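A.B. asks: So here's model-v6.csv, just CSV, C-alpha atoms and all ligand atoms:
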```csv
chain,number,residue,atom,x,y,z
A,9,MET,CA,-96.8,32.6,0.2
A,10,ARG,CA,-94.0,31.5,2.4
A,11,THR,CA,-91.2,29.5,0.8
A,12,VAL,CA,-87.7,28.5,1.2
A,13,THR,CA,-85.5,27.8,-1.9
A,14,VAL,CA,-82.3,25.7,-1.7
A,15,LEU,CA,-79.8,27.9,-3.5
A,16,GLY,CA,-76.9,25.6,-2.9
A,17,SER,CA,-77.0,22.0,-1.7
A,18,GLY,CA,-73.3,21.3,-2.1
A,19,THR,CA,-70.3,21.1,0.2
A,20,SER,CA,-67.5,23.7,0.4
A,21,SER,CA,-65.8,22.7,-2.9
A,22,GLY,CA,-69.1,22.5,-4.9
A,23,VAL,CA,-70.1,19.7,-7.1
A,24,PRO,CA,-68.7,19.0,-9.6
A,25,THR,CA,-65.4,19.4,-7.9
A,26,ILE,CA,-62.6,21.0,-10.0
A,27,GLY,CA,-60.6,18.3,-11.8
A,28,CYS,CA,-62.7,15.4,-10.6
A,29,ARG,CA,-63.8,12.6,-13.0
A,30,CYS,CA,-66.0,10.7,-10.6
A,31,ALA,CA,-69.5,9.5,-11.6
A,32,THR,CA,-71.2,12.3,-9.7
A,33,CYS,CA,-68.9,15.0,-11.1
A,34,LEU,CA,-69.5,13.7,-14.6
A,35,SER,CA,-73.3,13.1,-14.0
A,36,ASP,CA,-75.8,14.7,-16.4
A,37,ASP,CA,-78.4,14.7,-13.6
A,38,PRO,CA,-79.0,18.4,-12.7
A,39,ARG,CA,-79.5,17.4,-9.1
A,40,ASP,CA,-75.8,16.4,-9.0
A,41,LYS,CA,-74.8,20.0,-9.8
A,42,ARG,CA,-74.5,21.6,-6.3
A,43,LEU,CA,-73.5,25.2,-5.6
A,44,ARG,CA,-72.2,26.1,-2.2
A,45,PRO,CA,-74.7,26.1,0.7
A,46,SER,CA,-77.3,28.8,1.0
A,47,LEU,CA,-81.0,29.2,1.5
A,48,LEU,CA,-83.5,31.8,0.3
A,49,VAL,CA,-86.4,32.5,2.7
A,50,GLN,CA,-89.4,34.5,1.3
A,51,SER,CA,-92.8,35.7,2.5
A,52,ASP,CA,-95.0,38.0,0.5
A,53,THR,CA,-93.2,41.0,2.0
A,54,THR,CA,-89.8,39.9,3.1
A,55,THR,CA,-86.8,38.2,1.5
A,56,VAL,CA,-83.8,36.9,3.4
A,57,VAL,CA,-80.9,34.9,2.4
A,58,ILE,CA,-79.1,32.6,4.9
A,59,ASP,CA,-75.4,32.9,4.1
A,60,THR,CA,-73.6,34.6,1.2
A,61,SER,CA,-72.0,31.5,-0.3
A,62,SER,CA,-69.0,31.6,-2.6
A,63,ASP,CA,-71.7,31.2,-5.4
A,64,PHE,CA,-73.9,34.1,-4.0
A,65,ARG,CA,-73.8,36.2,-7.2
A,66,GLN,CA,-74.8,33.3,-9.4
A,67,GLN,CA,-77.5,32.2,-6.9
A,68,MET,CA,-79.0,35.7,-6.8
A,69,LEU,CA,-79.0,35.9,-10.6
A,70,CYS,CA,-80.5,32.4,-11.0
A,71,CYS,CA,-83.4,33.2,-8.7
A,72,ASP,CA,-83.7,36.7,-9.9
A,73,VAL,CA,-83.7,38.1,-6.4
A,74,ARG,CA,-84.3,41.8,-7.0
A,75,SER,CA,-85.2,42.7,-3.4
A,76,LEU,CA,-83.2,41.5,-0.4
A,77,ASP,CA,-84.1,42.7,3.1
A,78,ALA,CA,-81.3,41.0,5.0
A,79,VAL,CA,-78.6,38.3,5.2
A,80,VAL,CA,-78.5,35.9,8.2
A,81,TYR,CA,-75.2,34.0,8.7
A,82,THR,CA,-74.8,30.5,10.2
A,83,HIS,CA,-71.0,30.8,10.7
A,84,HIS,CA,-67.9,32.2,9.1
A,85,HIS,CA,-66.5,29.3,7.1
A,86,PHE,CA,-65.7,30.6,3.6
A,87,ASP,CA,-68.2,28.6,1.7
A,88,HIS,CA,-70.8,30.5,3.7
A,89,ILE,CA,-69.4,34.0,3.6
A,90,GLY,CA,-67.4,34.0,0.3
A,91,GLY,CA,-70.0,36.0,-1.7
A,92,PHE,CA,-70.0,38.8,0.9
A,93,ASP,CA,-68.5,41.3,-1.6
A,94,ASP,CA,-71.4,40.9,-4.0
A,95,ILE,CA,-73.7,42.6,-1.4
A,96,ARG,CA,-72.4,45.7,-3.2
A,97,ALA,CA,-74.9,45.0,-6.0
A,98,TYR,CA,-77.8,45.4,-3.5
A,99,ASN,CA,-76.2,48.5,-2.1
A,100,PHE,CA,-76.2,50.1,-5.5
A,101,PHE,CA,-79.6,48.7,-6.6
A,102,LEU,CA,-81.5,49.3,-3.3
A,103,ASN,CA,-79.5,52.4,-2.4
A,104,ARG,CA,-79.1,51.4,1.3
A,105,PRO,CA,-76.8,49.4,3.5
A,106,MET,CA,-77.6,45.7,3.8
A,107,SER,CA,-78.8,44.4,7.1
A,108,VAL,CA,-76.7,41.5,8.3
A,109,TYR,CA,-77.5,39.3,11.3
A,110,LEU,CA,-74.7,37.2,12.8
A,111,MET,CA,-73.0,36.0,16.0
A,112,GLU,CA,-70.2,38.0,17.6
A,113,GLU,CA,-67.6,35.5,16.5
A,114,THR,CA,-68.9,35.3,13.0
A,115,PHE,CA,-68.7,39.1,12.8
A,116,ALA,CA,-65.1,39.0,14.1
A,117,ALA,CA,-64.1,36.5,11.4
A,118,LEU,CA,-66.0,38.4,8.6
A,119,ARG,CA,-64.2,41.6,9.6
A,120,ARG,CA,-60.8,39.8,9.3
A,121,THR,CA,-61.7,38.2,6.0
A,122,PHE,CA,-63.1,41.3,4.4
A,123,ILE,CA,-61.1,43.9,6.2
A,124,TYR,CA,-61.3,46.4,3.3
A,125,ALA,CA,-65.1,46.7,3.9
A,126,PHE,CA,-64.7,47.7,7.6
A,127,GLU,CA,-61.5,49.8,7.6
A,128,PHE,CA,-61.1,52.9,5.5
A,129,SER,CA,-58.3,52.3,3.0
A,130,GLY,CA,-57.4,56.0,2.6
A,131,GLN,CA,-58.6,56.0,-1.0
A,132,ILE,CA,-62.1,56.7,-2.4
A,133,GLY,CA,-63.3,54.6,-5.3
A,134,GLY,CA,-63.8,50.9,-5.8
A,135,GLY,CA,-67.0,50.1,-3.9
A,136,VAL,CA,-67.0,48.0,-0.8
A,137,PRO,CA,-70.0,46.2,0.7
A,138,VAL,CA,-71.9,48.4,3.1
A,139,VAL,CA,-73.7,46.7,5.9
A,140,ASP,CA,-75.7,47.4,9.1
A,141,THR,CA,-74.7,44.6,11.5
A,142,TYR,CA,-77.0,43.1,14.1
A,143,ILE,CA,-75.3,40.8,16.6
A,144,ILE,CA,-77.5,37.9,17.6
A,145,ASP,CA,-77.4,35.7,20.6
A,146,GLU,CA,-79.8,32.8,21.4
A,147,LYS,CA,-82.9,35.0,21.3
A,148,PRO,CA,-85.3,34.9,18.3
A,149,PHE,CA,-85.2,38.0,16.1
A,150,SER,CA,-87.5,39.3,13.4
A,151,ILE,CA,-86.9,40.6,9.9
A,152,GLY,CA,-90.2,41.9,8.5
A,153,ASP,CA,-92.8,39.2,9.1
A,154,LEU,CA,-90.2,36.4,9.4
A,155,THR,CA,-89.0,35.3,12.8
A,156,PHE,CA,-85.7,33.4,13.1
A,157,ALA,CA,-85.0,31.3,16.2
A,158,PRO,CA,-81.3,30.5,16.5
A,159,ILE,CA,-80.7,26.8,17.0
A,160,PRO,CA,-77.2,26.2,18.5
A,161,LEU,CA,-75.3,23.4,16.7
A,162,LEU,CA,-71.9,22.0,17.0
A,163,HIS,CA,-69.6,21.8,13.9
A,164,GLY,CA,-66.7,19.9,15.4
A,165,SER,CA,-65.9,22.2,18.4
A,166,MET,CA,-67.3,25.3,16.6
A,167,ARG,CA,-70.7,26.9,17.5
A,168,VAL,CA,-72.9,27.3,14.4
A,169,ASN,CA,-76.4,28.6,14.2
A,170,GLY,CA,-79.2,26.7,12.7
A,171,TYR,CA,-82.4,28.6,12.3
A,172,ARG,CA,-86.0,27.7,13.0
A,173,ILE,CA,-88.7,29.7,11.1
A,174,GLY,CA,-92.2,28.5,12.0
A,175,ASN,CA,-92.6,24.9,11.2
A,176,PHE,CA,-89.3,24.8,9.3
A,177,ALA,CA,-85.7,24.5,10.4
A,178,TYR,CA,-82.3,24.8,8.6
A,179,CYS,CA,-79.5,22.9,10.3
A,180,THR,CA,-76.4,22.8,8.1
A,181,ASP,CA,-72.7,22.4,9.1
A,182,THR,CA,-73.1,20.2,12.1
A,183,ASN,CA,-72.1,16.8,13.4
A,184,SER,CA,-73.8,17.2,16.8
A,185,ILE,CA,-77.0,18.8,17.9
A,186,PRO,CA,-77.1,19.3,21.7
A,187,ASP,CA,-80.2,18.0,23.6
A,188,ALA,CA,-81.3,21.6,24.4
A,189,SER,CA,-81.4,22.3,20.6
A,190,ILE,CA,-83.3,19.1,19.9
A,191,ALA,CA,-85.9,20.5,22.3
A,192,LEU,CA,-86.0,23.8,20.3
A,193,LEU,CA,-86.8,21.7,17.1
A,194,GLU,CA,-89.8,20.1,18.7
A,195,GLY,CA,-92.8,20.3,16.3
A,196,VAL,CA,-90.7,21.1,13.3
A,197,GLU,CA,-92.4,19.6,10.2
A,198,ILE,CA,-89.8,20.4,7.5
A,199,LEU,CA,-86.1,20.1,8.2
A,200,ILE,CA,-83.1,20.7,6.1
A,201,LEU,CA,-80.1,18.9,7.7
A,202,ASP,CA,-76.4,18.5,7.0
A,203,ALA,CA,-75.4,15.1,5.5
A,204,LEU,CA,-72.0,15.4,3.9
A,205,ARG,CA,-71.1,11.9,2.7
A,206,TYR,CA,-71.1,8.2,3.6
A,207,HIS,CA,-67.8,8.0,5.5
A,208,GLU,CA,-67.1,9.8,8.7
A,209,HIS,CA,-66.0,13.4,9.0
A,210,PRO,CA,-64.9,15.4,12.1
A,211,THR,CA,-67.4,18.3,11.5
A,212,HIS,CA,-70.3,17.0,9.4
A,213,PHE,CA,-72.9,14.3,9.8
A,214,THR,CA,-72.6,11.2,7.6
A,215,VAL,CA,-75.7,10.0,5.8
A,216,ASP,CA,-76.2,7.3,8.6
A,217,GLU,CA,-75.8,9.8,11.4
A,218,ALA,CA,-78.1,12.3,9.7
A,219,ILE,CA,-80.8,9.6,9.2
A,220,LYS,CA,-80.6,8.8,13.0
A,221,ILE,CA,-80.9,12.4,14.1
A,222,ALA,CA,-83.6,13.2,11.5
A,223,GLN,CA,-85.7,10.3,12.9
A,224,ARG,CA,-85.1,11.6,16.5
A,225,ILE,CA,-86.2,15.1,15.5
A,226,GLY,CA,-89.2,13.5,13.7
A,227,ALA,CA,-90.0,16.2,11.1
A,228,ARG,CA,-92.6,15.1,8.5
A,229,THR,CA,-90.0,15.6,5.8
A,230,THR,CA,-86.2,16.0,6.2
A,231,TYR,CA,-84.0,17.1,3.2
A,232,PHE,CA,-80.3,16.6,3.3
A,233,THR,CA,-77.9,19.3,2.3
A,234,HIS,CA,-74.1,20.2,2.2
A,235,ILE,CA,-73.7,17.1,0.0
A,236,ALA,CA,-70.3,16.1,-1.3
A,237,HIS,CA,-69.5,14.5,-4.6
A,238,ASN,CA,-69.3,11.0,-3.1
A,239,ILE,CA,-73.1,11.0,-3.2
A,240,ARG,CA,-75.0,10.6,-6.5
A,241,HIS,CA,-78.5,11.9,-6.1
A,242,ALA,CA,-80.4,9.1,-7.9
A,243,GLU,CA,-78.3,6.4,-6.2
A,244,LEU,CA,-78.9,7.4,-2.6
A,245,GLU,CA,-82.4,8.8,-2.8
A,246,ASP,CA,-84.2,5.5,-3.4
A,247,THR,CA,-82.5,3.9,-0.4
A,248,LEU,CA,-83.5,6.6,2.2
A,249,PRO,CA,-86.2,5.9,4.7
A,250,GLU,CA,-89.7,7.4,4.1
A,251,GLY,CA,-89.8,11.1,4.9
A,252,ILE,CA,-86.1,11.6,4.2
A,253,ALA,CA,-84.9,13.0,0.8
A,254,LEU,CA,-81.9,14.8,-0.7
A,255,SER,CA,-82.3,18.4,-1.4
A,256,TYR,CA,-81.0,19.9,-4.7
A,257,ASP,CA,-80.3,23.3,-6.0
A,258,GLY,CA,-83.6,25.1,-6.9
A,259,LEU,CA,-85.8,23.0,-4.6
A,260,VAL,CA,-88.7,25.2,-3.4
A,261,ILE,CA,-90.5,24.2,-0.2
A,262,ASP,CA,-93.7,25.8,1.2
A,263,ILE,CA,-93.5,26.6,4.9
A,264,ASP,CA,-95.8,27.9,7.6
A,265,ILE,CA,-94.6,30.8,9.7
B,301,ZN,ZN,-70.1,24.6,4.9
B,302,ZN,ZN,-66.1,14.0,-8.0
B,303,ZN,ZN,-68.6,25.0,8.1
```
Before we go any further, please render this structure as structure tokens.
C.D. replies:
Amino acid sequence: MRTVTVLGSGTSSGVPTIGCRCATCLSDDPRDKRLRPSLLVQSDTTTVVIDTSSDFRQQMLCCDVRSLDAVVYTHHHFDHIGGFDDIRAYNFFLNRPMSVYLMEETFAALRRTFIYAFEFSGQIGGGVPVVDTYIIDEKPFSIGDLTFAPIPLLHGSMRVNGYRIGNFAYCTDTNSIPDASIALLEGVEILILDALRYHEHPTHFTVDEAIKIAQRIGARTTYFTHIAHNIRHAELEDTLPEGIALSYDGLVIDIDI
């Protein structure tokens, strides 16, 4: 068994958005309830989460993730790292540091944001997340029997890592995929891709932009993620071209590694 599970298909504010009375935020459709972006990757022997979103605790409880081998980060925006402190639960439960794979610049930002976890405060007590960090560059790396190939993406002017795992790729938080990265995605059959909303945004693909890039990459199935409240699942899904769909929280997809 090799699967990925969409733990959060929402944008940084989550859907519903606090205080909003729009049709999506008031929708009864469970596919319109979107936690912050994260993905669970599982084989028979290895479990990895991509990003500790601001909803990490809830996501780990919902999916009953009792064993977690590592965390792999895409970038340091808070919706992707906000749940870092809850790694403590796994420190207690598994009795070991958590392995964390991330780019140098992501690590620098994580250290600034969660400074108490990396600098001794002078006082014992009040647990802090304990991690073993592995700095990654553009080379593929393995965690158990899962191999992650970094896919450099642009998120405005920021470098973000997408990841390819076998015939699957996860490319969130991007509005531009360089040609060299398109080449790294050749042969991908299942793709999860950023598609924030209908109108343009400086750091995320719009729905139309995401459709174009999905068709260029040519996966058998592309699922959109990082979806804002402007998009109602049922309303958009029927209008998407064949082979393109919206992801939703709890979606499980079989992959080949
Ligand atoms: Zn994000
Ligand atoms: Zn809304
Ligand atoms: Zn971001």
A.B. asks: Need to verify the contact set: A:Val138, 7 Å, only C-alpha atoms, exclusion of same-chain residues closer than 6 positions in sequence. Can you return it as a CSV table (one decimal) with C-alpha atoms, keeping the file's coordinate frame?
C.D. replies:
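Result went into part01.csv, see below:
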```csv
chain,number,residue,atom,x,y,z
A,96,ARG,CA,-72.4,45.7,-3.2
A,99,ASN,CA,-76.2,48.5,-2.1
A,105,PRO,CA,-76.8,49.4,3.5
A,106,MET,CA,-77.6,45.7,3.8
```
A.B. asks: For atom CA of A:Asp59 and atom CA of A:Tyr81, determine how far apart the two atoms are, in Å to one decimal place.
C.D. replies: 4.7 Å
A.B. asks: Give me the residues of chain A that have any atom at most 6 Å from an atom of ligand ZN 301 (chain B); for each, the nearest atom pair and the distance in Å, rounded to one decimal. Use all atoms listed in the file, sort by chain and number, and format it as CSV.
C.D. replies:
```
residue,atom,partner,partner_atom,distance
A:Thr19,CA,B:ZN301,ZN,5.9
A:Ser20,CA,B:ZN301,ZN,5.3
A:Asp87,CA,B:ZN301,ZN,5.5
A:Asp181,CA,B:ZN301,ZN,5.4
```
A.B. asks: Using all atoms listed in the file, find each residue in chain A having at least one atom no more than 10 Å away from ligand ZN 302 (chain B); report its shortest atom-to-atom pair and that distance in Å (one decimal), rows by chain then rising number, as a Markdown table.
C.D. replies:
```
| residue | atom | partner | partner_atom | distance |
| --- | --- | --- | --- | --- |
| A:Gly22 | CA | B:ZN302 | ZN | 9.5 |
| A:Val23 | CA | B:ZN302 | ZN | 7.0 |
| A:Pro24 | CA | B:ZN302 | ZN | 5.9 |
| A:Thr25 | CA | B:ZN302 | ZN | 5.4 |
| A:Ile26 | CA | B:ZN302 | ZN | 8.1 |
| A:Gly27 | CA | B:ZN302 | ZN | 7.9 |
| A:Cys28 | CA | B:ZN302 | ZN | 4.5 |
| A:Arg29 | CA | B:ZN302 | ZN | 5.7 |
| A:Cys30 | CA | B:ZN302 | ZN | 4.2 |
| A:Ala31 | CA | B:ZN302 | ZN | 6.7 |
| A:Thr32 | CA | B:ZN302 | ZN | 5.6 |
| A:Cys33 | CA | B:ZN302 | ZN | 4.3 |
| A:Leu34 | CA | B:ZN302 | ZN | 7.4 |
| A:Ser35 | CA | B:ZN302 | ZN | 9.4 |
| A:Ala236 | CA | B:ZN302 | ZN | 8.2 |
| A:His237 | CA | B:ZN302 | ZN | 4.8 |
| A:Asn238 | CA | B:ZN302 | ZN | 6.6 |
| A:Ile239 | CA | B:ZN302 | ZN | 9.0 |
| A:Arg240 | CA | B:ZN302 | ZN | 9.6 |
```
A.B. asks: Within 7 Å of ligand ZN 303 (chain B) (counting only C-alpha atoms and all ligand atoms), which residues show up? I'd like them as a list in words.
C.D. replies: His83, His85, His163 and Asp181 of chain A
A.B. asks: Residues of the last selection are to be written out with C-alpha atoms, as a compact mmCIF listing (two decimals), in the frame of the given file.
C.D. replies:
```
# COMPACT_ATOMS: atom_id res chain seq x y z
CA HIS A 83 -71.00 30.80 10.70
CA HIS A 85 -66.50 29.30 7.10
CA HIS A 163 -69.60 21.80 13.90
CA ASP A 181 -72.70 22.40 9.10
```
A.B. asks: Could you tell me how far atom CA of A:Tyr171 sits from atom CA of A:Glu194, in Å to one decimal place?
C.D. replies: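 So the two atoms, atom CA of A:Glu194 and atom CA of A:Tyr171, lie 13.0 Å apart.
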A.B. asks: Would you please work out which residue, of A:Leu43, A:Gly90, A:Ser61, A:Ile151, is nearest to A:Ala78 when using all atoms listed in the file?
C.D. replies: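 The answer is A:Ile151, which sits nearest to A:Ala78.
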A.B. asks: Restricting the calculation to only C-alpha atoms: of A:Leu199, A:Arg39, A:Asn183, A:Asp246, which residue gets closest to A:Asp216?
C.D. replies: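 So, comparing all the options, the nearest one is A:Asn183.
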A.B. asks: From the list A:Ile143, A:Ala97, A:Val73, A:Ile173, which residue is nearest A:Glu113 when using only C-alpha atoms?
C.D. replies: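 With only C-alpha atoms as the atom set, the closest residue is A:Ile143.
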